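Reproduced below: query.txt, with compact mmCIF, C-alpha atoms.
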```txt
# COMPACT_ATOMS: atom_id res chain seq x y z
CA MET A 264 14.30 11.03 -1.23
CA PRO A 265 12.29 10.91 1.99
CA ILE A 266 8.79 12.34 1.97
CA THR A 267 8.87 15.28 4.37
CA GLY A 268 6.21 17.52 5.81
CA GLU A 269 3.41 17.32 8.31
CA TYR A 270 2.27 13.77 9.04
CA GLU A 271 -1.44 13.19 9.39
CA PRO A 272 -2.24 9.75 10.83
CA SER A 273 -5.07 7.72 9.38
CA SER A 274 -8.56 8.52 10.62
CA TRP A 275 -8.95 4.76 11.17
CA ASP A 276 -7.51 4.23 14.66
CA TRP A 277 -6.33 0.65 14.03
CA VAL A 278 -4.37 1.78 10.95
CA ALA A 279 -2.76 4.70 12.78
CA GLU A 280 -1.86 2.45 15.72
CA GLN A 281 -0.43 -0.28 13.49
CA VAL A 282 1.74 2.20 11.56
CA ALA A 283 3.01 3.76 14.80
CA GLU A 284 3.88 0.36 16.32
CA TYR A 285 5.50 -0.93 13.11
CA GLU A 286 7.69 2.16 12.79
CA ALA A 287 8.53 2.39 16.51
CA SER A 288 9.70 -1.23 16.52
CA GLY A 289 11.82 -0.91 13.40
CA GLY A 290 9.51 -3.25 11.56
CA THR A 291 9.59 -6.06 14.14
CA ARG A 292 6.07 -5.64 15.61
CA ALA A 293 2.64 -4.98 14.06
CA THR A 294 3.88 -6.68 10.90
CA THR A 295 0.69 -8.59 10.10
CA PHE A 296 -2.83 -7.63 9.08
CA LEU A 297 -4.93 -7.68 12.23
CA ASP A 298 -5.08 -11.26 13.53
CA THR A 299 -4.60 -12.99 10.15
CA GLY A 300 -0.85 -13.56 10.51
CA LEU A 301 -0.45 -12.28 6.93
CA PRO A 302 2.41 -9.78 6.44
CA VAL A 303 1.96 -6.09 5.70
CA ILE A 304 4.18 -3.26 4.53
CA ILE A 305 3.97 0.39 5.51
CA VAL A 306 3.30 2.67 2.55
CA THR A 307 3.95 6.40 2.74
CA THR A 308 2.52 8.87 0.22
CA ARG A 309 1.79 12.58 0.03
CA GLY A 310 -1.87 13.60 0.20
CA ALA A 311 -3.08 14.69 -3.24
CA SER A 312 -5.32 17.39 -1.75
CA SER A 313 -3.81 18.12 1.66
CA GLY A 314 -0.12 17.77 0.81
CA LYS A 315 0.34 16.02 4.16
CA VAL A 316 2.37 12.86 4.68
CA ARG A 317 0.05 9.85 4.79
CA LYS A 318 0.89 6.31 5.93
CA MET A 319 -1.01 3.04 5.79
CA ALA A 320 -0.44 -0.67 6.13
CA LEU A 321 -1.07 -2.68 2.96
CA MET A 322 -0.81 -6.39 2.31
CA ARG A 323 2.72 -7.47 1.43
CA VAL A 324 2.70 -8.60 -2.20
CA GLU A 325 6.37 -8.66 -3.25
CA HIS A 326 8.06 -10.17 -6.28
CA GLU A 327 11.73 -9.70 -7.15
CA GLY A 328 12.00 -6.42 -5.23
CA GLU A 329 8.78 -4.88 -6.57
CA TYR A 330 5.49 -4.63 -4.72
CA ALA A 331 1.85 -4.71 -5.79
CA LEU A 332 -0.27 -2.04 -4.15
CA ILE A 333 -3.85 -3.21 -4.52
CA ALA A 334 -6.49 -0.50 -4.05
CA SER A 335 -9.20 -2.85 -2.80
CA GLN A 336 -10.50 -0.92 0.22
CA GLY A 337 -12.21 -4.15 1.22
CA GLY A 338 -14.41 -4.12 -1.87
CA ALA A 339 -15.85 -0.67 -1.14
CA PRO A 340 -17.50 1.15 -4.06
CA THR A 341 -14.76 3.81 -4.15
CA ASN A 342 -10.99 3.76 -4.40
CA PRO A 343 -9.02 4.42 -1.21
CA ALA A 344 -7.54 7.89 -0.73
CA TRP A 345 -4.01 6.61 -1.25
CA TYR A 346 -4.96 5.63 -4.82
CA PHE A 347 -5.47 9.32 -5.67
CA ASN A 348 -2.21 10.21 -3.91
CA LEU A 349 -0.27 7.87 -6.21
CA VAL A 350 -2.12 9.03 -9.32
CA ALA A 351 -1.23 12.64 -8.43
CA ASP A 352 2.44 11.86 -7.71
CA PRO A 353 3.68 8.31 -8.29
CA THR A 354 7.19 9.32 -7.19
CA ALA A 355 6.09 10.40 -3.69
CA LEU A 356 6.18 6.84 -2.42
CA MET A 357 8.11 5.07 0.31
CA ILE A 358 7.70 1.47 1.39
CA GLN A 359 8.89 0.00 4.67
CA ASP A 360 9.22 -3.78 4.62
CA GLY A 361 11.36 -4.38 7.68
CA PRO A 362 13.67 -1.97 9.46
CA GLU A 363 13.90 0.90 6.97
CA ALA A 364 11.75 2.71 4.45
CA LYS A 365 12.97 2.99 0.87
CA ASP A 366 11.96 5.12 -2.09
CA PHE A 367 9.78 3.68 -4.84
CA VAL A 368 7.94 4.85 -7.92
CA ALA A 369 4.49 3.49 -8.75
CA ARG A 370 2.73 2.78 -12.00
CA GLU A 371 -0.80 1.54 -12.47
CA VAL A 372 -0.85 -1.72 -14.42
CA THR A 373 -3.45 -3.11 -16.80
CA GLY A 374 -4.03 -6.11 -19.03
CA GLU A 375 -1.80 -9.14 -18.75
CA GLU A 376 0.62 -7.44 -16.36
CA LYS A 377 -2.25 -6.60 -14.02
CA ALA A 378 -3.52 -10.20 -14.22
CA ILE A 379 -0.09 -11.49 -13.18
CA TRP A 380 0.14 -9.09 -10.23
CA TRP A 381 -3.50 -9.71 -9.28
CA ALA A 382 -2.78 -13.45 -9.07
CA ARG A 383 0.21 -12.72 -6.85
CA GLY A 384 -2.00 -10.54 -4.67
CA VAL A 385 -4.66 -13.23 -4.33
CA ALA A 386 -1.95 -15.77 -3.47
CA ALA A 387 -0.81 -13.48 -0.65
CA TYR A 388 -4.33 -12.48 0.43
CA PRO A 389 -7.18 -14.60 -1.01
CA PRO A 390 -10.00 -12.18 -0.03
CA TYR A 391 -8.95 -9.87 -2.89
CA ASP A 392 -11.08 -11.98 -5.24
CA GLU A 393 -14.06 -11.60 -2.90
CA TYR A 394 -13.49 -7.84 -2.74
CA GLN A 395 -13.57 -7.62 -6.53
CA GLU A 396 -16.81 -9.59 -6.63
CA ALA A 397 -18.32 -7.27 -3.99
CA THR A 398 -17.83 -4.06 -5.99
CA GLU A 399 -18.77 -2.82 -9.44
CA ARG A 400 -15.52 -0.88 -9.82
CA VAL A 401 -12.44 -2.53 -11.23
CA ILE A 402 -9.93 -2.61 -8.38
CA PRO A 403 -6.75 -0.82 -9.46
CA VAL A 404 -3.30 -2.35 -9.04
CA PHE A 405 -0.05 -0.41 -8.89
CA VAL A 406 3.41 -1.89 -9.18
CA ALA A 407 5.98 -0.11 -7.03
CA SER A 408 9.56 -0.31 -8.28
CA PRO A 409 12.56 0.73 -6.19
CA VAL A 410 14.27 3.99 -7.06
CA SER A 411 17.94 3.50 -7.88
CA ALA A 412 20.36 5.14 -5.47
```

Once more with this new file: its structure as structure tokens, please.
Amino acid sequence: MPITGEYEPSSWDWVAEQVAEYEASGGTRATTFLDTGLPVIIVTTRGASSGKVRKMALMRVEHEGEYALIASQGGAPTNPAWYFNLVADPTALMIQDGPEAKDFVAREVTGEEKAIWWARGVAAYPPYDEYQEATERVIPVFVASPVSA
């Protein structure tokens, strides 16, 4: 079920611009993280406090139709806002990986399952290990599973 309501673009201009270009092109442009050449997905959530539709580009960490959503925020000392959005409503989640967005449900993973997904994340984007070393918090990992039609 699509997430509807007022859309509030990211306060980070480069994120807002990347999301706009990705969506406008049907997922054919702005598909990589800055100049790294590494693929991204567009993640849509509902703001936990504002209730507004929020969108961001995250690293593409996909395995057998599921995605890891790694709340690294570049190793910052706090979790990104989207982390709280998913904690508040893990069913208000859409992922666009190509031409169309699809519905997903998220769950935060721990233990061995988190270790497996963390390794997949680092394989896709090696700086995740550096981000974890740079912060005292334990970086959360969600697994997003598609919602059956």

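Relative to atom CA of Ile305 of chain A, atom CA of Pro265 of chain A is found at 13.9 Å.
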
- Message: Quick one: residues within 10 Å of segment 369-378 of chain A, all atoms listed in the file, excluding same-chain residues fewer than 4 positions away - as a list in words?
- Response: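 Using all atoms listed in the file, the neighbours found are Glu329, Tyr330, Ala331, Leu332, Ile333, Tyr346, Leu349, Val350, Asp352, Pro353, Thr354, Ala355, Leu356, Met357, Ala382, Arg383, Gly384, Pro403, Val404, Phe405, Val406, Ala407, Ser408, Pro409 and Val410 of chain A.
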
Report as a PDB file with C-alpha atoms, keeping the file's coordinate frame all protein, DNA and RNA residues lying within 9 Å of Thr267 of chain A, evaluated on only C-alpha atoms, omitting residues in the same chain fewer than 2 positions from it.
```pdb
ATOM      1  CA  MET A 264      14.300  11.030  -1.230  1.00  0.00           C
ATOM      2  CA  PRO A 265      12.290  10.910   1.990  1.00  0.00           C
ATOM      3  CA  GLU A 269       3.410  17.320   8.310  1.00  0.00           C
ATOM      4  CA  TYR A 270       2.270  13.770   9.040  1.00  0.00           C
ATOM      5  CA  ARG A 309       1.790  12.580   0.030  1.00  0.00           C
ATOM      6  CA  LYS A 315       0.340  16.020   4.160  1.00  0.00           C
ATOM      7  CA  VAL A 316       2.370  12.860   4.680  1.00  0.00           C
TER       8      VAL A 316
END
```

- Item | Radius query 7 Å about (9.2, -6.3, 6.3), atoms used: all atoms listed in the file, as a VMD selection string | chain A and resid 290 304 359 to 362

- What is the atom CA of Phe347 of chain A-atom CA of Thr307 of chain A distance in Å, reported with one decimal? 13.0 Å

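Of the residues listed (A:Ile379, A:Phe367, A:Ala339, A:Ser411), A:Ala339 shows the shortest atom-to-atom separation from Tyr394 of chain A; distances use all atoms listed in the file.
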
- Within 12 Å of Ala279 of chain A, counting all atoms listed in the file, which residues qualify if same-chain residues fewer than 2 places away don't, as JSON, numbers by chain? {"A": [270, 271, 272, 273, 274, 275, 276, 277, 281, 282, 283, 284, 285, 286, 293, 305, 317, 318, 319, 320]}

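Checking A:Tyr388, A:Thr398, A:Lys365, A:Ile358 one by one against Val306 of chain A, counting only C-alpha atoms, you find the shortest gap at A:Ile358.
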
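As for atom CA of Val278 of chain A and atom CA of Thr299 of chain A, they are spaced 14.8 Å apart.
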
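Distances from A:Ser312, A:Asp366, A:Leu301, A:Ala344 to Pro390 of chain A were compared using all atoms listed in the file, and the smallest one belongs to A:Leu301.
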